[in-house]
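Undergrad: For reference, this is target.pdb, and it has PDB, C-alpha atoms, pLDDT in the B column.
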ATOM      1  CA  MET O 198      -3.534  38.908 -46.384  1.00 49.00           C
ATOM      2  CA  PRO O 199      -4.535  40.324 -42.998  1.00 52.00           C
ATOM      3  CA  ASP O 200      -6.494  37.137 -42.419  1.00 58.00           C
ATOM      4  CA  ASP O 201      -3.420  34.914 -42.887  1.00 63.00           C
ATOM      5  CA  SER O 202      -1.237  36.994 -40.597  1.00 62.00           C
ATOM      6  CA  MET O 203      -4.002  37.098 -37.990  1.00 57.00           C
ATOM      7  CA  ARG O 204      -4.309  33.321 -38.189  1.00 60.00           C
ATOM      8  CA  THR O 205      -0.563  32.997 -37.767  1.00 57.00           C
ATOM      9  CA  VAL O 206      -0.646  35.194 -34.671  1.00 50.00           C
ATOM     10  CA  LEU O 207      -3.579  33.261 -33.199  1.00 52.00           C
ATOM     11  CA  VAL O 208      -1.901  29.892 -33.870  1.00 53.00           C
ATOM     12  CA  ALA O 209       1.320  31.134 -32.258  1.00 51.00           C
ATOM     13  CA  LEU O 210      -0.564  32.462 -29.250  1.00 49.00           C
ATOM     14  CA  GLY O 211      -2.564  29.242 -28.988  1.00 53.00           C
ATOM     15  CA  SER O 212       0.578  27.116 -29.139  1.00 49.00           C
ATOM     16  CA  GLY O 213       2.262  29.250 -26.527  1.00 50.00           C
ATOM     17  CA  LEU O 214      -0.817  29.116 -24.339  1.00 45.00           C
ATOM     18  CA  GLY O 215      -0.955  25.328 -24.708  1.00 47.00           C
ATOM     19  CA  VAL O 216       2.676  25.000 -23.639  1.00 43.00           C
ATOM     20  CA  ALA O 217       2.124  27.425 -20.756  1.00 44.00           C
ATOM     21  CA  LEU O 218      -0.854  25.400 -19.543  1.00 44.00           C
ATOM     22  CA  ALA O 219       0.754  21.999 -20.090  1.00 45.00           C
ATOM     23  CA  TRP O 220       4.017  22.773 -18.271  1.00 45.00           C
ATOM     24  CA  PRO O 221       2.520  23.045 -14.758  1.00 49.00           C
ATOM     25  CA  LEU O 222       0.480  19.899 -15.384  1.00 46.00           C
ATOM     26  CA  THR O 223       3.516  17.866 -16.442  1.00 43.00           C
ATOM     27  CA  SER O 224       5.479  19.251 -13.495  1.00 43.00           C
ATOM     28  CA  ALA O 225       2.664  18.258 -11.134  1.00 45.00           C
ATOM     29  CA  ALA O 226       2.517  14.796 -12.699  1.00 46.00           C
ATOM     30  CA  HIS O 227       6.278  14.440 -12.226  1.00 45.00           C
ATOM     31  CA  ARG O 228       6.015  15.492  -8.565  1.00 47.00           C
ATOM     32  CA  ASP O 229       3.137  13.035  -8.038  1.00 48.00           C
ATOM     33  CA  ARG O 230       5.185  10.255  -9.617  1.00 48.00           C
ATOM     34  CA  GLU O 231       8.066  11.008  -7.219  1.00 48.00           C
ATOM     35  CA  VAL O 232       5.681  10.827  -4.269  1.00 48.00           C
ATOM     36  CA  ASP O 233       4.095   7.628  -5.612  1.00 49.00           C
ATOM     37  CA  ASP O 234       7.532   6.020  -6.004  1.00 48.00           C
ATOM     38  CA  SER O 235       8.367   6.677  -2.367  1.00 46.00           C
ATOM     39  CA  VAL O 236       4.968   5.407  -1.217  1.00 49.00           C
ATOM     40  CA  THR O 237       4.934   2.205  -3.258  1.00 49.00           C
ATOM     41  CA  GLN O 238       8.447   0.978  -2.666  1.00 53.00           C
ATOM     42  CA  PRO O 239       8.393  -2.573  -1.373  1.00 55.00           C
ATOM     43  CA  LEU O 240       9.327  -3.324   2.200  1.00 65.00           C
ATOM     44  CA  GLY O 241      12.898  -4.155   2.866  1.00 70.00           C
ATOM     45  CA  PRO O 242      13.785  -7.770   3.670  1.00 76.00           C
ATOM     46  CA  ALA O 243      14.289  -6.965   7.367  1.00 81.00           C
ATOM     47  CA  GLU O 244      10.806  -5.438   7.715  1.00 80.00           C
ATOM     48  CA  GLU O 245       9.172  -8.332   5.864  1.00 81.00           C
ATOM     49  CA  GLU O 246      11.004 -10.797   8.095  1.00 86.00           C
ATOM     50  CA  ARG O 247       9.881  -8.895  11.195  1.00 88.00           C
ATOM     51  CA  ILE O 248       6.225  -9.110  10.086  1.00 89.00           C
ATOM     52  CA  ARG O 249       6.543 -12.826   9.356  1.00 91.00           C
ATOM     53  CA  ALA O 250       8.293 -13.511  12.669  1.00 94.00           C
ATOM     54  CA  PHE O 251       5.589 -11.623  14.569  1.00 94.00           C
ATOM     55  CA  LEU O 252       2.841 -13.620  12.841  1.00 95.00           C
ATOM     56  CA  LEU O 253       4.507 -17.022  13.260  1.00 95.00           C
ATOM     57  CA  GLY O 254       5.353 -16.282  16.883  1.00 95.00           C
ATOM     58  CA  TYR O 255       1.757 -15.542  17.781  1.00 96.00           C
ATOM     59  CA  PRO O 256       0.155 -18.388  19.766  1.00 95.00           C
ATOM     60  CA  GLY O 257      -2.365 -20.276  17.646  1.00 95.00           C
ATOM     61  CA  VAL O 258      -0.780 -19.399  14.277  1.00 96.00           C
ATOM     62  CA  THR O 259       0.626 -22.513  12.618  1.00 95.00           C
ATOM     63  CA  ALA O 260       1.644 -21.158   9.193  1.00 95.00           C
ATOM     64  CA  ILE O 261       1.513 -18.152   6.906  1.00 95.00           C
ATOM     65  CA  ARG O 262      -0.246 -18.648   3.610  1.00 94.00           C
ATOM     66  CA  GLU O 263       0.131 -15.115   2.237  1.00 93.00           C
ATOM     67  CA  VAL O 264       1.096 -11.668   3.421  1.00 92.00           C
ATOM     68  CA  PHE O 265       0.242  -8.597   1.367  1.00 90.00           C
ATOM     69  CA  VAL O 266       1.445  -5.101   2.166  1.00 88.00           C
ATOM     70  CA  THR O 267      -0.243  -2.166   0.451  1.00 87.00           C
ATOM     71  CA  PHE O 268       1.072   1.350   0.885  1.00 85.00           C
ATOM     72  CA  VAL O 269      -1.756   3.812   1.392  1.00 85.00           C
ATOM     73  CA  GLY O 270       0.314   6.925   2.035  1.00 82.00           C
ATOM     74  CA  PRO O 271       3.739   8.043   3.127  1.00 81.00           C
ATOM     75  CA  GLY O 272       4.777   5.845   6.027  1.00 78.00           C
ATOM     76  CA  ARG O 273       1.373   4.114   6.115  1.00 85.00           C
ATOM     77  CA  ALA O 274       1.042   0.439   5.261  1.00 87.00           C
ATOM     78  CA  TRP O 275      -1.955  -1.878   5.224  1.00 91.00           C
ATOM     79  CA  VAL O 276      -1.059  -5.494   6.019  1.00 92.00           C
ATOM     80  CA  ILE O 277      -3.307  -8.380   4.980  1.00 93.00           C
ATOM     81  CA  ALA O 278      -2.338 -11.801   6.307  1.00 95.00           C
ATOM     82  CA  ARG O 279      -3.907 -15.142   5.443  1.00 95.00           C
ATOM     83  CA  LEU O 280      -2.891 -17.472   8.249  1.00 95.00           C
ATOM     84  CA  ASP O 281      -3.334 -21.126   9.100  1.00 95.00           C
ATOM     85  CA  ILE O 282      -4.504 -21.389  12.693  1.00 95.00           C
ATOM     86  CA  ASP O 283      -4.719 -24.211  15.199  1.00 94.00           C
ATOM     87  CA  ASP O 284      -7.807 -26.318  14.442  1.00 92.00           C
ATOM     88  CA  ASP O 285      -8.543 -26.688  18.164  1.00 92.00           C
ATOM     89  CA  LEU O 286      -9.340 -22.969  18.572  1.00 93.00           C
ATOM     90  CA  ARG O 287     -12.995 -22.076  19.036  1.00 93.00           C
ATOM     91  CA  GLY O 288     -14.883 -19.002  17.780  1.00 92.00           C
ATOM     92  CA  GLY O 289     -14.071 -16.665  20.680  1.00 94.00           C
ATOM     93  CA  GLN O 290     -10.440 -17.778  20.695  1.00 95.00           C
ATOM     94  CA  VAL O 291     -10.136 -17.097  16.968  1.00 94.00           C
ATOM     95  CA  GLN O 292     -11.624 -13.617  17.459  1.00 95.00           C
ATOM     96  CA  SER O 293      -9.113 -12.940  20.256  1.00 96.00           C
ATOM     97  CA  LEU O 294      -6.267 -14.194  18.074  1.00 95.00           C
ATOM     98  CA  VAL O 295      -7.286 -11.926  15.190  1.00 95.00           C
ATOM     99  CA  SER O 296      -7.755  -8.866  17.444  1.00 95.00           C
ATOM    100  CA  GLY O 297      -4.457  -9.533  19.204  1.00 96.00           C
ATOM    101  CA  ILE O 298      -2.516  -9.790  15.949  1.00 96.00           C
ATOM    102  CA  GLU O 299      -4.131  -6.669  14.509  1.00 94.00           C
ATOM    103  CA  SER O 300      -3.482  -4.483  17.567  1.00 94.00           C
ATOM    104  CA  GLY O 301      -0.067  -6.013  18.284  1.00 94.00           C
ATOM    105  CA  MET O 302       1.254  -5.409  14.805  1.00 91.00           C
ATOM    106  CA  LYS O 303       0.150  -1.765  14.921  1.00 89.00           C
ATOM    107  CA  ARG O 304       2.017  -1.370  18.225  1.00 90.00           C
ATOM    108  CA  GLU O 305       5.120  -3.048  16.807  1.00 85.00           C
ATOM    109  CA  SER O 306       5.392  -0.781  13.777  1.00 82.00           C
ATOM    110  CA  GLU O 307       4.232   2.827  13.670  1.00 79.00           C
ATOM    111  CA  GLY O 308       4.114   2.603   9.863  1.00 82.00           C
ATOM    112  CA  VAL O 309       1.375  -0.037   9.978  1.00 86.00           C
ATOM    113  CA  TYR O 310      -1.909   1.786   9.781  1.00 87.00           C
ATOM    114  CA  ARG O 311      -4.239  -1.173   9.254  1.00 92.00           C
ATOM    115  CA  VAL O 312      -4.007  -4.944   9.652  1.00 93.00           C
ATOM    116  CA  ASP O 313      -6.536  -7.459   8.382  1.00 94.00           C
ATOM    117  CA  VAL O 314      -6.123 -11.096   9.383  1.00 95.00           C
ATOM    118  CA  VAL O 315      -7.877 -13.879   7.502  1.00 94.00           C
ATOM    119  CA  PRO O 316      -7.754 -17.018   9.648  1.00 92.00           C
ATOM    120  CA  MET O 317      -7.850 -20.296   7.740  1.00 89.00           C
ATOM    121  CA  ALA O 318      -8.150 -23.900   8.901  1.00 82.00           C
ATOM    122  CA  GLU O 319      -4.793 -25.632   8.960  1.00 70.00           C
ATOM    123  CA  HIS O 320      -3.813 -26.857   5.549  1.00 64.00           C
ATOM    124  CA  LYS O 321      -3.174 -30.583   5.849  1.00 64.00           C
ATOM    125  CA  PRO O 322      -1.912 -32.524   2.840  1.00 61.00           C
TER     126      PRO O 322
END
If you convert what's in this file into structure tokens, what do you get?
TA:
Amino acid sequence: MPDDSMRTVLVALGSGLGVALAWPLTSAAHRDREVDDSVTQPLGPAEEERIRAFLLGYPGVTAIREVFVTFVGPGRAWVIARLDIDDDLRGGQVQSLVSGIESGMKRESEGVYRVDVVPMAEHKP
């Protein structure tokens, strides 16, 4: 009989210990999820339009193929833009265009931490 009661006590202690250990972990997971939700919310329409307007207004850019925005931390976004560019631009001009867009977009928005531009030849049907 002492063995059964001892087992009961150990099982109760083990269950209580499991709950005590699991509670902080689930609370931490919940806090992380709240942070992740605020970090991964999509850009508002006004911010997306501002990015697109900046890109299309840049000399040498003829069209936007794709724009991706990845959130890498609170208030920190990484913008990747695949752009059609003027076919008449040469190597050095394309490098200047890419550098200008990358630095200009960071100046325009303090939340933009990184910009990668992928220049593409104009897409002609």
Undergrad: Between atom CA of Arg279 of chain O and atom CA of Glu263 of chain O, what is the distance in Å, rounded to a tenth?
TA: 5.2 Å
Undergrad: Near Gly272 of chain O, counting only C-alpha atoms, which residues have an atom at most 8 Å away, once you skip same-chain residues fewer than 2 positions from it, shown as number ranges by chain?
TA: O: 236, 268, 270, 274, 308-309
Undergrad: Check the smallest atom-to-atom distance from each of O:Val264, O:Ala243, O:Ile298, O:Leu252 to Val276 of chain O using only C-alpha atoms, then report the winner.
TA: O:Val264
Undergrad: Could you expand the PyMOL selection byres ((chain O and resi 286) around 12) into the explicit residues it covers here, written as a ChimeraX atom specification?
TA: /O:256-259,281-285,287-295,316-319
Undergrad: Atom CA of Val269 of chain O and atom CA of Glu245 of chain O are how many Å apart?
TA: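 Between atom CA of Val269 of chain O and atom CA of Glu245 of chain O the gap works out to 16.9 Å.
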